[in-house]
Structure formats: C-alpha cells, structure tokens
Amino acid sequence: MPDKTGGIMRILDFGSLNIDYVYGVDHIVAPGETLASTQRSVFPGGKGLNQAVALARAGARVWQAGMVGPEGGLLLDVCRDAGVDTHLVARSDVATGYTVIQVDAKGQNCILLYGGANRQVDEGYVDQVLAQFSAGDYLVLQNEISCLAYLVDRAGALGMKVILNPSPYDDALRTVDLGKVSLFILNEIEGAQISGGSTDPADVLGRLGEQYPQAEVVLTLGARGSVYQCGGHRYEQGIFEVEVIDTTAAGDTFTGYFVWARSVGKPVQEALALAAKASAMAVSQQGAAPSIPTMEQVRASPLG
C-alpha cells in the first residue's frame, strides 16, 4: 500500500495499458487503399503506461492503476522494470487493450485503438484504488479508460491534484466535471474541442483561462513547442531539433517529465525545458514506452 513518508505526496497514474502493433509504411494509408507495410513491431504502450513509465524514468515514485487482460503480463513487466508500482493493476477476462499504429517515412503516425480491458474500469474498482490515496496526492489521467467522470469526482472529493491529458477527445469527456482539474496538458485541437473555440493557440488559452481560471494549462504545439498558462502568467518553450523517427510517445513523455518536475517544485520554465528535451529524445527512437529516456540519459544528452 502506498505510504506518505514524511508527508510527501504520491503520484497515481490511472490509465490505459495497451499492446502496440506498429507498422512501418511509406505513407499513411488512404481510404480504400491497400498498402504493404515495410516492417511490423510489437511494443508495450497505452497512454497510461507511457506516462507512468515517463514519470518513473524521470525519477518519480509512481503507482499504476488500470486493467489488463490475460495476455497483459508483458505490460506489467515493463512498468516494474521502469520502477512503477503495479500492485494496484487489476486483471480482466477481457482482452488487453491494443493499438494498430502506422508510422510513415517521416515519422508521423496514425493510431487505431481498441479499448479492451481498459474499458472494464468501474466505480467499485475506482473506490478500491483511491481509498489508498489522500489529499495532496497527484492523479494523472488520460481518456483511454472507462469511468473517467467518476474518477475525477472522487479524486476531487479527496482533495487530490487532478492532471488530465484529454486524449483521445470524445463525448465521454462532456460528462467530466473539468472544473475539478488542476492541470490540463493538451494540444490545440483538444483545447479547441474542450473550450468550444478555434484551434488558434491564443484563442484556446484565452477561453480555457476564462472557463477554468483555477487550472494550470500546458498547450503543446508540435514543432512550435509549448505554452504554459496560469493566473495571468504565460511561459513559452521551443522544441529541440532532432531527426524524427517515431512520434508515438512524444506527448506522453512530455507529460510525465513535466508533471514530475512540477511535483518536486521545479520552476515552470525549467519543467517545460526538461519535458521538451525528453520528448525530443523520445521521437528520435522507435516505439512508445521503449523510446522514453531515463533522467540520466536526458542529463547526458547534448541537446540544448
């Protein structure tokens, strides 16, 4: 059971655990097209797993909650190897979630997701997990599991700090009380979907600031870097130039490193730069979880 040694907060990542089937292609397949892949690889993934691994490799003490099916042992091994505590992960008779990912010659990807066991999360399981955490602890969420609205409500009632990466955006997010979110980490498309405006970064940040004035917002902008906003303050961060091989876990790596940095009290500007550097290193490698660097690798990197 997690413990608060000396009153230090804990980080719970409650999210998806997937098996990623990655196909190398010359270009992303078009509607009606049949395309031969150049290679096929199998990797551990899922936004929940990726972000937990990123948190752990950054240096956080992190617990993973979520569900896997009969073939999910590989995913738990990956988490444990990274230093993630997995004893809260539950088993389901439903198949483990998986993705089919196309990665083109320029490193861009498209992803088809099957929820599987990730969609078996229910209120009873949420209560069982959250009973082991308390006010001040961090809860890192994505949108690849069921019961998200209940999770946010219960965590808010406990006084946990809720961090939400609302990806993928869907109608389920409309039932979530986003006023209980402490930190949003999202891209301009997700920001527009939540705020009801355009994808222009200034519009997204302005609307989110009006709708959720208490929340911190990190808007990721791909090649244009990222912007942080809270309480009238804004900070911008550019990218580190690297050869792009696979962008699959870039956002998850950014999230994990940024959340860790802020959880230990690092200034926003330093947290943004660290997250950007780790993310750049991730896109220069193939795969999701395997591409996420350790803190030692980030510190040793000549980037920046």
# chains A, B, ... in the order shown; residues from 1 in each chain; ligands from 1
$ closest_atom_pairs --of "stretch 209-301 of chain A" --to "stretch 171-190 of chain A" --cutoff "12 Å" --atoms "only C-alpha atoms" --output "tab-separated table"
residue	atom	partner	partner_atom	distance
A:Gly209	CA	A:Phe184	CA	11.1
A:Glu210	CA	A:Gly179	CA	11.4
A:Gln211	CA	A:Gly179	CA	8.3
A:Tyr212	CA	A:Gly179	CA	6.1
A:Pro213	CA	A:Gly179	CA	9.0
A:Gln214	CA	A:Ser182	CA	7.2
A:Ala215	CA	A:Ser182	CA	4.8
A:Glu216	CA	A:Leu183	CA	4.6
A:Val217	CA	A:Phe184	CA	4.8
A:Val218	CA	A:Ile185	CA	4.8
A:Leu219	CA	A:Asn187	CA	5.3
A:Thr220	CA	A:Asn187	CA	4.7
A:Leu221	CA	A:Asn187	CA	6.0
A:Gly222	CA	A:Asn187	CA	8.1
A:Ala223	CA	A:Asn187	CA	11.7
A:Arg224	CA	A:Asn187	CA	11.2
A:Gly225	CA	A:Asn187	CA	10.4
A:Ser226	CA	A:Asn187	CA	8.8
A:Val227	CA	A:Asn187	CA	10.0
A:Tyr228	CA	A:Ile185	CA	9.2
A:Gln229	CA	A:Phe184	CA	9.9
A:Cys230	CA	A:Leu183	CA	9.4
A:Ala250	CA	A:Asn187	CA	12.0
A:Gly251	CA	A:Leu186	CA	8.7
A:Asp252	CA	A:Ile185	CA	9.8
A:Thr253	CA	A:Ile185	CA	11.7
A:Phe254	CA	A:Ile185	CA	9.2
A:Thr255	CA	A:Ile185	CA	6.9
A:Gly256	CA	A:Ile185	CA	10.4
A:Tyr257	CA	A:Ile185	CA	11.8
A:Phe258	CA	A:Ile185	CA	9.4
A:Val259	CA	A:Leu183	CA	9.2
A:Arg262	CA	A:Leu183	CA	10.7
A:Ser263	CA	A:Leu183	CA	11.7
A:Leu272	CA	A:Ile185	CA	11.5
A:Ala275	CA	A:Ile185	CA	11.8
$ residues_around --residues "A:Asp26" --least-positions-apart "3" --cutoff "8 Å" --atoms "only C-alpha atoms" --output "number ranges by chain"
A: 37-38, 104-105
$ atom_distance --atom1 "atom CA of A:Val62" --atom2 "atom CA of A:Asn165"
16.9 Å
$ select_by_dssp --residues "stretch 230-296 of chain A" --states "strand (DSSP E)" --output "mmCIF file with C-alpha atoms, in the first residue's frame"
data_model
loop_
_atom_site.group_PDB
_atom_site.id
_atom_site.type_symbol
_atom_site.label_atom_id
_atom_site.label_comp_id
_atom_site.auth_asym_id
_atom_site.auth_seq_id
_atom_site.Cartn_x
_atom_site.Cartn_y
_atom_site.Cartn_z
ATOM 1 C CA CYS A 230 -1.880 30.042 -15.100
ATOM 2 C CA HIS A 233 1.323 34.149 -16.339
ATOM 3 C CA ARG A 234 2.459 32.611 -19.624
ATOM 4 C CA TYR A 235 5.720 30.884 -20.487
ATOM 5 C CA GLU A 236 6.752 29.589 -23.905
ATOM 6 C CA GLN A 237 9.113 26.727 -24.725
#
$ closest_residue --among "A:Ser301, A:Gln142, A:Ile194, A:Gly238" --to "A:Ala276" --atoms "only C-alpha atoms"
A:Gly238
$ residues_around --residues "A:Leu113" --least-positions-apart "4" --cutoff "12 Å" --atoms "only C-alpha atoms" --output "PDB file with N, CA, C and O atoms, in the first residue's frame"
ATOM      1  N   SER A  16      -4.615   3.657 -19.220  1.00  0.00           N
ATOM      2  CA  SER A  16      -4.627   2.520 -20.132  1.00  0.00           C
ATOM      3  C   SER A  16      -3.291   1.812 -20.203  1.00  0.00           C
ATOM      4  O   SER A  16      -2.223   2.412 -20.044  1.00  0.00           O
ATOM      5  N   LEU A  17      -3.370   0.515 -20.429  1.00  0.00           N
ATOM      6  CA  LEU A  17      -2.201  -0.320 -20.695  1.00  0.00           C
ATOM      7  C   LEU A  17      -2.503  -1.109 -21.963  1.00  0.00           C
ATOM      8  O   LEU A  17      -3.434  -1.914 -21.995  1.00  0.00           O
ATOM      9  N   ASN A  18      -1.724  -0.855 -23.002  1.00  0.00           N
ATOM     10  CA  ASN A  18      -2.002  -1.442 -24.313  1.00  0.00           C
ATOM     11  C   ASN A  18      -0.800  -2.179 -24.878  1.00  0.00           C
ATOM     12  O   ASN A  18       0.343  -1.915 -24.498  1.00  0.00           O
ATOM     13  N   ILE A  19      -1.077  -3.061 -25.810  1.00  0.00           N
ATOM     14  CA  ILE A  19      -0.043  -3.646 -26.652  1.00  0.00           C
ATOM     15  C   ILE A  19      -0.122  -2.928 -27.996  1.00  0.00           C
ATOM     16  O   ILE A  19      -1.187  -2.866 -28.615  1.00  0.00           O
ATOM     17  N   ASP A  20       0.999  -2.354 -28.435  1.00  0.00           N
ATOM     18  CA  ASP A  20       1.037  -1.583 -29.678  1.00  0.00           C
ATOM     19  C   ASP A  20       1.607  -2.436 -30.811  1.00  0.00           C
ATOM     20  O   ASP A  20       2.723  -2.953 -30.701  1.00  0.00           O
ATOM     21  N   TYR A  21       0.840  -2.543 -31.891  1.00  0.00           N
ATOM     22  CA  TYR A  21       1.308  -3.201 -33.104  1.00  0.00           C
ATOM     23  C   TYR A  21       1.646  -2.097 -34.101  1.00  0.00           C
ATOM     24  O   TYR A  21       0.756  -1.401 -34.587  1.00  0.00           O
ATOM     25  N   VAL A  22       2.935  -1.922 -34.358  1.00  0.00           N
ATOM     26  CA  VAL A  22       3.403  -0.785 -35.144  1.00  0.00           C
ATOM     27  C   VAL A  22       3.842  -1.260 -36.531  1.00  0.00           C
ATOM     28  O   VAL A  22       4.685  -2.154 -36.663  1.00  0.00           O
ATOM     29  N   GLY A  45       2.566  -0.279 -24.621  1.00  0.00           N
ATOM     30  CA  GLY A  45       2.115   1.101 -24.772  1.00  0.00           C
ATOM     31  C   GLY A  45       0.840   1.373 -24.003  1.00  0.00           C
ATOM     32  O   GLY A  45       0.538   0.723 -23.002  1.00  0.00           O
ATOM     33  N   GLY A  46       0.064   2.305 -24.517  1.00  0.00           N
ATOM     34  CA  GLY A  46      -1.098   2.830 -23.798  1.00  0.00           C
ATOM     35  C   GLY A  46      -0.684   4.131 -23.129  1.00  0.00           C
ATOM     36  O   GLY A  46       0.402   4.228 -22.543  1.00  0.00           O
ATOM     37  N   LYS A  47      -1.528   5.151 -23.217  1.00  0.00           N
ATOM     38  CA  LYS A  47      -1.145   6.450 -22.670  1.00  0.00           C
ATOM     39  C   LYS A  47      -0.898   6.371 -21.164  1.00  0.00           C
ATOM     40  O   LYS A  47      -0.009   7.058 -20.640  1.00  0.00           O
ATOM     41  N   THR A  96      -6.603  -7.640 -23.354  1.00  0.00           N
ATOM     42  CA  THR A  96      -5.853  -6.412 -23.108  1.00  0.00           C
ATOM     43  C   THR A  96      -6.078  -5.433 -24.262  1.00  0.00           C
ATOM     44  O   THR A  96      -6.178  -5.832 -25.424  1.00  0.00           O
ATOM     45  N   GLY A  97      -6.136  -4.143 -23.939  1.00  0.00           N
ATOM     46  CA  GLY A  97      -6.276  -3.138 -24.986  1.00  0.00           C
ATOM     47  C   GLY A  97      -5.097  -3.180 -25.947  1.00  0.00           C
ATOM     48  O   GLY A  97      -3.990  -3.567 -25.583  1.00  0.00           O
ATOM     49  N   TYR A  98      -5.351  -2.792 -27.198  1.00  0.00           N
ATOM     50  CA  TYR A  98      -4.242  -2.753 -28.150  1.00  0.00           C
ATOM     51  C   TYR A  98      -4.461  -1.653 -29.182  1.00  0.00           C
ATOM     52  O   TYR A  98      -5.571  -1.135 -29.348  1.00  0.00           O
ATOM     53  N   THR A  99      -3.381  -1.300 -29.851  1.00  0.00           N
ATOM     54  CA  THR A  99      -3.454  -0.311 -30.920  1.00  0.00           C
ATOM     55  C   THR A  99      -2.805  -0.869 -32.169  1.00  0.00           C
ATOM     56  O   THR A  99      -1.905  -1.710 -32.108  1.00  0.00           O
ATOM     57  N   VAL A 100      -3.286  -0.382 -33.300  1.00  0.00           N
ATOM     58  CA  VAL A 100      -2.646  -0.615 -34.585  1.00  0.00           C
ATOM     59  C   VAL A 100      -2.136   0.745 -35.044  1.00  0.00           C
ATOM     60  O   VAL A 100      -2.920   1.682 -35.242  1.00  0.00           O
ATOM     61  N   ILE A 101      -0.817   0.874 -35.165  1.00  0.00           N
ATOM     62  CA  ILE A 101      -0.194   2.168 -35.430  1.00  0.00           C
ATOM     63  C   ILE A 101       0.552   2.124 -36.762  1.00  0.00           C
ATOM     64  O   ILE A 101       1.368   1.226 -36.996  1.00  0.00           O
ATOM     65  N   GLN A 102       0.261   3.075 -37.624  1.00  0.00           N
ATOM     66  CA  GLN A 102       1.041   3.260 -38.836  1.00  0.00           C
ATOM     67  C   GLN A 102       2.050   4.383 -38.595  1.00  0.00           C
ATOM     68  O   GLN A 102       1.692   5.440 -38.088  1.00  0.00           O
ATOM     69  N   ASN A 118      -9.207  -2.027 -20.765  1.00  0.00           N
ATOM     70  CA  ASN A 118      -9.212  -0.642 -20.290  1.00  0.00           C
ATOM     71  C   ASN A 118     -10.625  -0.100 -20.083  1.00  0.00           C
ATOM     72  O   ASN A 118     -10.830   0.810 -19.275  1.00  0.00           O
ATOM     73  N   ARG A 119     -11.568  -0.665 -20.792  1.00  0.00           N
ATOM     74  CA  ARG A 119     -12.956  -0.184 -20.712  1.00  0.00           C
ATOM     75  C   ARG A 119     -13.759  -0.938 -19.656  1.00  0.00           C
ATOM     76  O   ARG A 119     -14.977  -0.758 -19.551  1.00  0.00           O
ATOM     77  N   ASN A 143      -7.697   9.717 -21.413  1.00  0.00           N
ATOM     78  CA  ASN A 143      -9.074   9.362 -21.748  1.00  0.00           C
ATOM     79  C   ASN A 143      -9.135   8.065 -22.543  1.00  0.00           C
ATOM     80  O   ASN A 143      -9.829   7.966 -23.558  1.00  0.00           O
ATOM     81  N   GLU A 144      -8.416   7.050 -22.076  1.00  0.00           N
ATOM     82  CA  GLU A 144      -8.452   5.741 -22.727  1.00  0.00           C
ATOM     83  C   GLU A 144      -9.034   4.661 -21.821  1.00  0.00           C
ATOM     84  O   GLU A 144      -8.915   3.478 -22.122  1.00  0.00           O
ATOM     85  N   ILE A 145      -9.652   5.070 -20.701  1.00  0.00           N
ATOM     86  CA  ILE A 145     -10.303   4.110 -19.818  1.00  0.00           C
ATOM     87  C   ILE A 145     -11.740   4.535 -19.569  1.00  0.00           C
ATOM     88  O   ILE A 145     -12.109   5.692 -19.805  1.00  0.00           O
ATOM     89  N   SER A 167      -6.938  12.982 -24.030  1.00  0.00           N
ATOM     90  CA  SER A 167      -6.686  12.341 -25.309  1.00  0.00           C
ATOM     91  C   SER A 167      -6.980  10.847 -25.212  1.00  0.00           C
ATOM     92  O   SER A 167      -6.542  10.208 -24.242  1.00  0.00           O
ATOM     93  N   PRO A 168      -7.727  10.304 -26.158  1.00  0.00           N
ATOM     94  CA  PRO A 168      -8.379  10.980 -27.276  1.00  0.00           C
ATOM     95  C   PRO A 168      -9.661  11.690 -26.828  1.00  0.00           C
ATOM     96  O   PRO A 168     -10.350  11.210 -25.926  1.00  0.00           O
TER      97      PRO A 168
END
$ residues_around --residues "A:Leu76" --least-positions-apart "4" --cutoff "7 Å" --atoms "only C-alpha atoms" --output "list of chain:residue names"
A:Gly72, A:Arg80, A:Thr86
$ atom_distance --atom1 "atom CA of A:Ala90" --atom2 "atom CA of A:Tyr169"
24.8 Å
$ closest_residue --among "A:Val204, A:Val68, A:Val25, A:Ala280" --to "A:Asn109" --atoms "only C-alpha atoms"
A:Val25
$ residues_around --residues "A:Val129" --least-positions-apart "5" --cutoff "9 Å" --atoms "only C-alpha atoms" --output "list in words"
Ala65, Leu88 and Gly124 of chain A
$ atom_distance --atom1 "atom CA of A:Cys110" --atom2 "atom CA of A:Ser146"
22.2 Å
$ closest_atom_pairs --of "stretch 35-136 of chain A" --to "stretch 147-153 of chain A" --cutoff "8 Å" --atoms "only C-alpha atoms" --output "JSON lines"
{"residue": "A:Val121", "atom": "CA", "partner": "A:Cys147", "partner_atom": "CA", "distance": 6.2}
{"residue": "A:Asp122", "atom": "CA", "partner": "A:Cys147", "partner_atom": "CA", "distance": 5.8}
{"residue": "A:Glu123", "atom": "CA", "partner": "A:Cys147", "partner_atom": "CA", "distance": 6.7}
{"residue": "A:Val126", "atom": "CA", "partner": "A:Leu151", "partner_atom": "CA", "distance": 6.5}
$ residues_around --residues "A:Asp246" --least-positions-apart "6" --cutoff "8 Å" --atoms "only C-alpha atoms" --output "JSON, numbers by chain"
{"A": [103, 107, 108, 109, 282, 283, 284, 285, 286, 287]}
$ closest_residue --among "A:Ile111, A:Glu243, A:Arg207, A:Ala288" --to "A:Val42" --atoms "only C-alpha atoms"
A:Ala288
